[in-house]
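Accompanying notes for the structure given below.
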Number of protein chains: 2
Amino acid sequence: MRKILFLIFIFPAIVLAQMPNITSVKQYTESKQHEIIRSYVELLSIPNIASDIKNIQKNADWIAGYMRSKHIGNVQLLYPTTPNKPPVVYGEVNTPGAKETVVFYAHYDGQPVDSSKWYSGLHPFKPILYDNAFDKGGKQIDWPSNDNAFNPMWRIYGRGASDDKGGVMSIIEAYAAVAALKLQPAVNIKFFFEGEEEAGSTHLEEILNRYKSLLTADMWVICDGPVHQSGKKQVVFGVRGDTHLELTVIGPKRPLHSGHYGNWVPNPAMELSKLLASMKDENGNVTIKGFYDDVVPLTASEKEALAKIPSVDEQMKNELGFRKSERPTSLNTSLNVPSLNINGIQSAGVGEKSANVIPTKAIASIDLRLVVGNDWKRQQDKVIEHIKSQGFYVTETDPTDQERLTHEKICKVVRSDGYNAQKTSLDNLFAKRISKAVAIASGEDPILMPTLGGSLPLYVFEKVLKTQPVTVPIANHDNNQHAENENIRLKNFFEGIEIFASIMMLPK
Amino acid sequence: MRKILFLIFIFPAIVLAQMPNITSVKQYTESKQHEIIRSYVELLSIPNIASDIKNIQKNADWIAGYMRSKHIGNVQLLYPTTPNKPPVVYGEVNTPGAKETVVFYAHYDGQPVDSSKWYSGLHPFKPILYDNAFDKGGKQIDWPSNDNAFNPMWRIYGRGASDDKGGVMSIIEAYAAVAALKLQPAVNIKFFFEGEEEAGSTHLEEILNRYKSLLTADMWVICDGPVHQSGKKQVVFGVRGDTHLELTVIGPKRPLHSGHYGNWVPNPAMELSKLLASMKDENGNVTIKGFYDDVVPLTASEKEALAKIPSVDEQMKNELGFRKSERPTSLNTSLNVPSLNINGIQSAGVGEKSANVIPTKAIASIDLRLVVGNDWKRQQDKVIEHIKSQGFYVTETDPTDQERLTHEKICKVVRSDGYNAQKTSLDNLFAKRISKAVAIASGEDPILMPTLGGSLPLYVFEKVLKTQPVTVPIANHDNNQHAENENIRLKNFFEGIEIFASIMMLPK
């Protein structure tokens, strides 16, 4: 009742138009739940590591067949020019009279697996049903007979259940429900299911270019990732960019006895520590000159959206076991700022591998996250200028003898590739309509998240197709994506179907 | 001629008495060089890793038999109470009328070996003759027939050739020459050849206690290590003490995505870097409160000795490939100060093992070298107090959830065992006499080195026997001790025999 009042208050006209349709979709999927889950489990049973091209092809063929069975048109596999790479599974539905086109994106490949790490009885490619998360006391249960309904709190364990075959299937089932119910989509619909997202989307840009004419659209809707830690649905408008630097501070040519030479031969681990320490102050501010200069300030809408996000700060501090955040701002505010993180440090050995040495080198792997305004190469440059300002000679290769004897401190810097942040305006009219569609389906305003802290190469959609995407995640927050014991809660999956159906049907 | 003038100038009376004797020893060992080297090679052929108790016993038995064959008295093996541990090989010679006793120490065990790392054709326990160091263009040569002399620049490659079977054999051969020539030792002589020095001298203190009555003496002469990098002989009066701390800065309970949490969850690798950076200034001074407080200042004699040591600073900088030393003082002066060195750092992974994480912890292994005045436990305390002063909560164990939520920064500190420095006064009369004996044998003043930078548990001789040792190394500086391709230059070995004979014969 509260939800209906909310909806009537916010979008009276839309509610009138759409509420019955969403209810129909919900009833339809409930009535078909055994068929839907049987198909989903069939897909989850096909191994889906991007490098396992034989099985990847099986996944693509299965999805293409399933789409055809749901009367999706022009189904085809889009390959890059490089042979033996995962294809995109493409399909489309043209809606009579529709002038606008929305592409629904998900990916069918999954993160690499180490079966031995999965919880006893679980296996990445043998989907198993649990009555709750096993680490919350859940137990394995049998698949119910057709006479018994699935409980929405049950979970399916398997690689890709959440990330992101759940996305693929909820999008297809959303259209299947709309079509079966003879409801009218509001837009032309395209389906784009990638097969190497977890391997870095290496051929995504090439495929977008190669099949540009097929792929033009007014909006891309990305289904990937989890809902908000608070459990609320979210619509995400951007991602941070990302790039890396590897710093190696150079020490003596051979490992030296720390007794015979300690106090006299410079220690590269100490020099690296001082260098890293110089990069951030005690409040988590990066002290590198100009580090924050290019940042495009948050818009009024973004500030407003951030202020509305329920705080999970205390919840996360308890869960992760720490008292004070690095920056004195909230988690979500902190993610709207570029960051510098040490991903790893290594110099000689510690613990049982420790020896009485002055190490020959000390290495740090540095991660730079970027927000809109930052250019990834320019951000690397700022760090390198800072290293120089700390008295280091910077080289891209191992130093020569001559360089060693010329410079007091030497740091070898290796740049990785990178890409910039992408952000769609919260005021983008299409994005607003999608947010409304999510609100209608879930009965409450979704969280409008200006950016994820993490990174995806979403800039390619802007670059190649001049289209700004929004991301609509559906998976439960505790889905263990990228790790062992990946799972999806059925409630999230079925609500996902309703959300995508709502987006497909949303009028202007 | 220059050498004779030098000797007449410095010690006219001693020179008159000893010069002919040293010349006789030199002629005698030259005449017996094939026998001496044959025996030496026989000993080098017996594997001598302290943990290989069967072969260690063979070494001890061989040395005991060889000592008996040279008419050394009361030869016996001194065992600790723990079974299956390497024995000390002991022997003695009583000199009629002598009131003083000198113990000659060396060790017959060697550093562990990895045969696969040795240069092609070399093997740790198959001694091979080269006409120069192989890395200086030397070639393998056949062992010469009895009609052909060994060239003093030739080298024998094999584990223990320098460290320290060369010490064992040069001491025995020194006495053998003195006895064969019917020269009169000036002191009672004891022989003490340890069998687990490279395994940490774990039972040395116990053996000294157990056989105290056999081992009382006026002076211990330690033969171990190399001569000075300048090539000059040296007499070493002390060693630094040593202890370790392992610091673990605590991060989030699980590895976190550096995108989704970077800028908000504190990064333990950064906190560790800041902590380590706070421990030393840009001139290599340790900034920990009271770090230098207990240091007993150098005596006038020590300062004078340090000033006389030929500088190898430029040579070592070129060899090791760096421009500026950590402290603005010379190598040898720097080694007379306590040090703090990072032996290793590790946090998550770098290079191919790098991942986009905020690490769960960051570890540093810290080496503390001590000089006389420092107490190893107090030195550890100072570091721990410093960690606290940097805002860390210090614990000896992994933090509880409660501790994690109570303290902003947490550092787990694990203390290692340690021992203090040992130093014998340069004004010790016995030590002065030994320096003179070395001068007579080698024809020039040895370097008087107040302390080695490295550490040996020499404090046990003071502690158990109330006797201060001096160290008289004989091996060439480039002998590769503790590494593959260990070798000795024959010149160093034969000069060692003359030096120890000279010490044995030195009158007051």
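Labeling convention for the structure tokens: chains A, B, ... as they appear, residues from 1 per chain, ligands from 1 in order of appearance.
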Find the nearest atom pair between each residue of chain A and chain B for residues within 6 Å, count only C-alpha atoms, give distances in Å to one decimal, sort rows by chain and ascending number, and present the table as CSV.
```
residue,atom,partner,partner_atom,distance
A:Pro252,CA,B:Leu320,CA,5.2
A:Lys253,CA,B:Leu320,CA,5.1
A:Gly259,CA,B:Gly454,CA,3.9
A:His260,CA,B:Gly453,CA,4.1
A:Asn263,CA,B:Ser339,CA,5.7
A:Trp264,CA,B:Glu326,CA,4.9
A:Val265,CA,B:Ser325,CA,5.4
A:Pro266,CA,B:Glu326,CA,4.7
A:Ser273,CA,B:Ser273,CA,4.3
A:Lys274,CA,B:Ala277,CA,4.7
A:Ala277,CA,B:Lys274,CA,4.7
A:Leu320,CA,B:Lys253,CA,5.1
A:Gly321,CA,B:Arg404,CA,5.4
A:Phe322,CA,B:Arg404,CA,5.3
A:Arg323,CA,B:Leu405,CA,4.8
A:Lys324,CA,B:Glu408,CA,5.5
A:Ser325,CA,B:Trp264,CA,5.2
A:Glu326,CA,B:Pro266,CA,4.7
A:Arg327,CA,B:Trp264,CA,5.6
A:Leu331,CA,B:Trp264,CA,5.7
A:Ser334,CA,B:Asn263,CA,5.8
A:Ser339,CA,B:Asn263,CA,5.7
A:Asn343,CA,B:Val357,CA,5.4
A:Gly344,CA,B:Gly349,CA,4.7
A:Ile345,CA,B:Ser347,CA,5.0
A:Gln346,CA,B:Gln346,CA,4.5
A:Ser347,CA,B:Ile345,CA,5.0
A:Ala348,CA,B:Gly344,CA,4.7
A:Gly349,CA,B:Gly344,CA,4.7
A:Val350,CA,B:Gly344,CA,5.2
A:Asn356,CA,B:Asn343,CA,6.0
A:Val357,CA,B:Asn343,CA,5.3
A:Ile358,CA,B:Asn343,CA,5.9
A:Ser365,CA,B:Val350,CA,5.5
A:Arg404,CA,B:Phe322,CA,5.3
A:Leu405,CA,B:Arg323,CA,4.7
A:Glu408,CA,B:Arg323,CA,5.3
A:Gly453,CA,B:His260,CA,4.1
A:Gly454,CA,B:Gly259,CA,3.9
```
Q.
With only C-alpha atoms as the counted atoms, please give the residues lying no more than 9 Å from Leu506 (chain B), apart from itself and same-chain residues fewer than 4 positions off, as a PyMOL selection string.
A. chain B and resi 14+18+185-187+433-434+436-437+501-502
Just C-alpha atoms for this one: save the residues we selected as a PDB file, in the first residue's frame.
```pdb
ATOM      1  CA  ILE B  14     110.829  -8.457  17.646  1.00  0.00           C
ATOM      2  CA  GLN B  18     111.120 -13.499  14.599  1.00  0.00           C
ATOM      3  CA  PRO B 185     105.877 -21.480  20.558  1.00  0.00           C
ATOM      4  CA  ALA B 186     105.566 -18.576  22.969  1.00  0.00           C
ATOM      5  CA  VAL B 187     102.251 -19.706  24.414  1.00  0.00           C
ATOM      6  CA  ARG B 433     100.725  -8.477  20.397  1.00  0.00           C
ATOM      7  CA  ILE B 434      98.597 -10.381  17.916  1.00  0.00           C
ATOM      8  CA  LYS B 436     102.282  -7.235  15.799  1.00  0.00           C
ATOM      9  CA  ALA B 437     102.521 -10.905  14.958  1.00  0.00           C
ATOM     10  CA  ALA B 501     102.732 -19.444  13.097  1.00  0.00           C
ATOM     11  CA  SER B 502     103.801 -15.896  13.891  1.00  0.00           C
TER      12      SER B 502
END
```
Q. Please, which residues of region 394-467 of chain B, numbered as in this document, come out helix (DSSP H, G or I) from DSSP, as a PyMOL selection string?
A. chain B and resi 401-406+429-442+459-465
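Once Lys70 (chain B) and its same-chain neighbours fewer than 4 positions away are set aside, Ile36, Ile63, Ala64, Gly65, Tyr66, Val75, Gly91, Glu92, Val93, Met169, Ile171, Ile172, Glu173, Ala174, Tyr175, Ala176, Ala177, Val178, Ala179 and Ala180 of chain B remain within 12 Å of it when counting only C-alpha atoms.
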Q: State, in Å with one decimal place, the distance from CA of Ile37 (chain B) to CA of Asn480 (chain B).
A: 20.2 Å
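Going from CA of Pro469 (chain B) over to CA of Ser51 (chain B), you cover 26.9 Å.
Proximity of A:Asn55, A:Val235, A:Val89, A:Ile156 to Asn74 (chain A), computed with only C-alpha atoms, is greatest for A:Val89.
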Q: Check region 216-356 of chain A with DSSP on the backbone and list each residue it calls strand (DSSP E), as a PyMOL selection string.
A: chain A and resi 219-222+234-236+238-239+241-250+256-257+339-348
Long-range neighbours of Glu198 (chain A) as a short mmCIF file (atom, residue, chain, number, x, y, z; two decimals) with C-alpha atoms, in the first residue's frame, 12 Å cut-off, only C-alpha atoms, 4 positions minimum in chain:
```cif
data_model
loop_
_atom_site.label_atom_id
_atom_site.label_comp_id
_atom_site.auth_asym_id
_atom_site.auth_seq_id
_atom_site.Cartn_x
_atom_site.Cartn_y
_atom_site.Cartn_z
CA ASN A 48 32.03 -19.85 -19.59
CA ILE A 49 35.64 -18.76 -19.18
CA ALA A 50 36.47 -16.38 -22.04
CA SER A 51 39.67 -18.26 -22.93
CA PRO A 86 34.22 -14.92 -28.13
CA ALA A 106 24.95 -8.09 -20.49
CA HIS A 107 27.84 -10.55 -20.73
CA TYR A 108 27.76 -14.32 -20.70
CA ASP A 109 31.42 -15.04 -19.89
CA GLY A 110 32.48 -15.37 -16.26
CA GLN A 111 35.53 -14.88 -14.07
CA PRO A 112 38.13 -17.68 -14.08
CA VAL A 113 37.41 -20.36 -11.47
CA GLY A 160 27.88 -16.49 -13.76
CA ASP A 163 27.81 -11.95 -13.10
CA ASP A 164 26.39 -11.96 -15.61
CA GLU A 194 29.29 -9.88 -24.78
CA THR A 202 39.56 -6.62 -25.58
CA HIS A 203 37.53 -6.74 -28.78
CA LEU A 204 34.53 -4.69 -27.70
CA ASP A 224 26.02 -5.83 -14.63
CA LEU A 456 34.49 -0.53 -16.93
CA PRO A 457 35.41 0.59 -20.44
CA GLN A 481 31.07 -12.17 -7.93
CA HIS A 482 34.68 -12.58 -9.08
#
```
Q.
Give me the residues near Lys139 (chain B) as a ChimeraX atom specification, where near means some atom within 10 Å (using only C-alpha atoms) and where sequence neighbours in that chain fewer than 5 positions away do not count.
A. /B:129-134,154
Could you write out the selected residues, including all heavy atoms, as a PDB file, in the first residue's frame?
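File written: part_13.pdb
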```pdb
ATOM      1  N   LEU B 129      91.089 -26.708  -9.518  1.00  0.00           N
ATOM      2  CA  LEU B 129      92.120 -25.667  -9.539  1.00  0.00           C
ATOM      3  C   LEU B 129      91.924 -24.756 -10.751  1.00  0.00           C
ATOM      4  O   LEU B 129      91.666 -25.232 -11.855  1.00  0.00           O
ATOM      5  CB  LEU B 129      93.496 -26.340  -9.595  1.00  0.00           C
ATOM      6  CG  LEU B 129      94.722 -25.457  -9.357  1.00  0.00           C
ATOM      7  CD1 LEU B 129      94.726 -24.884  -7.938  1.00  0.00           C
ATOM      8  CD2 LEU B 129      96.004 -26.263  -9.596  1.00  0.00           C
ATOM      9  N   TYR B 130      92.022 -23.453 -10.532  1.00  0.00           N
ATOM     10  CA  TYR B 130      91.925 -22.463 -11.602  1.00  0.00           C
ATOM     11  C   TYR B 130      93.169 -21.582 -11.561  1.00  0.00           C
ATOM     12  O   TYR B 130      93.756 -21.382 -10.493  1.00  0.00           O
ATOM     13  CB  TYR B 130      90.674 -21.582 -11.388  1.00  0.00           C
ATOM     14  CG  TYR B 130      89.486 -22.005 -12.227  1.00  0.00           C
ATOM     15  CD1 TYR B 130      88.850 -23.220 -11.992  1.00  0.00           C
ATOM     16  CD2 TYR B 130      89.003 -21.191 -13.253  1.00  0.00           C
ATOM     17  CE1 TYR B 130      87.765 -23.609 -12.762  1.00  0.00           C
ATOM     18  CE2 TYR B 130      87.916 -21.575 -14.024  1.00  0.00           C
ATOM     19  CZ  TYR B 130      87.299 -22.781 -13.778  1.00  0.00           C
ATOM     20  OH  TYR B 130      86.233 -23.165 -14.546  1.00  0.00           O
ATOM     21  N   ASP B 131      93.538 -21.039 -12.719  1.00  0.00           N
ATOM     22  CA  ASP B 131      94.739 -20.183 -12.721  1.00  0.00           C
ATOM     23  C   ASP B 131      94.417 -18.731 -12.368  1.00  0.00           C
ATOM     24  O   ASP B 131      95.311 -17.903 -12.284  1.00  0.00           O
ATOM     25  CB  ASP B 131      95.501 -20.301 -14.051  1.00  0.00           C
ATOM     26  CG  ASP B 131      94.697 -19.825 -15.242  1.00  0.00           C
ATOM     27  OD1 ASP B 131      93.558 -19.337 -15.046  1.00  0.00           O
ATOM     28  OD2 ASP B 131      95.191 -19.948 -16.382  1.00  0.00           O
ATOM     29  N   ASN B 132      93.130 -18.443 -12.136  1.00  0.00           N
ATOM     30  CA  ASN B 132      92.687 -17.134 -11.660  1.00  0.00           C
ATOM     31  C   ASN B 132      91.183 -17.293 -11.383  1.00  0.00           C
ATOM     32  O   ASN B 132      90.610 -18.345 -11.678  1.00  0.00           O
ATOM     33  CB  ASN B 132      92.934 -16.060 -12.738  1.00  0.00           C
ATOM     34  CG  ASN B 132      92.826 -14.638 -12.181  1.00  0.00           C
ATOM     35  OD1 ASN B 132      92.445 -14.433 -11.018  1.00  0.00           O
ATOM     36  ND2 ASN B 132      93.153 -13.667 -13.008  1.00  0.00           N
ATOM     37  N   ALA B 133      90.561 -16.274 -10.822  1.00  0.00           N
ATOM     38  CA  ALA B 133      89.107 -16.358 -10.643  1.00  0.00           C
ATOM     39  C   ALA B 133      88.463 -16.521 -12.025  1.00  0.00           C
ATOM     40  O   ALA B 133      88.860 -15.835 -12.966  1.00  0.00           O
ATOM     41  CB  ALA B 133      88.589 -15.101  -9.959  1.00  0.00           C
ATOM     42  N   PHE B 134      87.483 -17.435 -12.147  1.00  0.00           N
ATOM     43  CA  PHE B 134      86.906 -17.680 -13.478  1.00  0.00           C
ATOM     44  C   PHE B 134      86.249 -16.424 -14.026  1.00  0.00           C
ATOM     45  O   PHE B 134      86.213 -16.194 -15.221  1.00  0.00           O
ATOM     46  CB  PHE B 134      85.931 -18.861 -13.446  1.00  0.00           C
ATOM     47  CG  PHE B 134      84.594 -18.541 -12.842  1.00  0.00           C
ATOM     48  CD1 PHE B 134      83.580 -17.960 -13.602  1.00  0.00           C
ATOM     49  CD2 PHE B 134      84.341 -18.797 -11.498  1.00  0.00           C
ATOM     50  CE1 PHE B 134      82.346 -17.657 -13.034  1.00  0.00           C
ATOM     51  CE2 PHE B 134      83.114 -18.493 -10.937  1.00  0.00           C
ATOM     52  CZ  PHE B 134      82.114 -17.912 -11.700  1.00  0.00           C
ATOM     53  N   TRP B 154      96.964 -18.942  -8.112  1.00  0.00           N
ATOM     54  CA  TRP B 154      95.954 -19.941  -8.451  1.00  0.00           C
ATOM     55  C   TRP B 154      94.897 -20.014  -7.340  1.00  0.00           C
ATOM     56  O   TRP B 154      95.153 -19.624  -6.195  1.00  0.00           O
ATOM     57  CB  TRP B 154      96.602 -21.317  -8.634  1.00  0.00           C
ATOM     58  CG  TRP B 154      97.473 -21.393  -9.868  1.00  0.00           C
ATOM     59  CD1 TRP B 154      97.608 -20.478 -10.852  1.00  0.00           C
ATOM     60  CD2 TRP B 154      98.351 -22.484 -10.202  1.00  0.00           C
ATOM     61  NE1 TRP B 154      98.512 -20.903 -11.798  1.00  0.00           N
ATOM     62  CE2 TRP B 154      98.988 -22.151 -11.429  1.00  0.00           C
ATOM     63  CE3 TRP B 154      98.671 -23.718  -9.614  1.00  0.00           C
ATOM     64  CZ2 TRP B 154      99.907 -22.994 -12.053  1.00  0.00           C
ATOM     65  CZ3 TRP B 154      99.583 -24.558 -10.242  1.00  0.00           C
ATOM     66  CH2 TRP B 154     100.195 -24.192 -11.446  1.00  0.00           C
TER      67      TRP B 154
END
```
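If only C-alpha atoms are the atoms counted, then among B:Ser311, B:Thr287, B:Thr395, B:Ser301 the closest residue to Lys382 (chain B) is B:Thr287.
Atom pair CA of Arg155 (chain A) / CA of Tyr40 (chain A) has a distance of 12.7 Å (rounded to one decimal).
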Q: Would you list the contacts of Arg210 (chain A) as a list in words, taking every protein, DNA or RNA residue within 10 Å and counting only C-alpha atoms, but skipping same-chain residues closer than 4 positions in sequence?
A: Leu78, Tyr79, Pro80, Thr81, Leu204, Glu205, Glu206, Leu214 and Leu215 of chain A
(Q) Just want the 9 Å neighbourhood of Asn188 (chain B), counted on only C-alpha atoms, with same-chain residues fewer than 6 positions away dropped. Output as an MDAnalysis selection string. (A) chainID B and resid 92:96 98:103 217 504
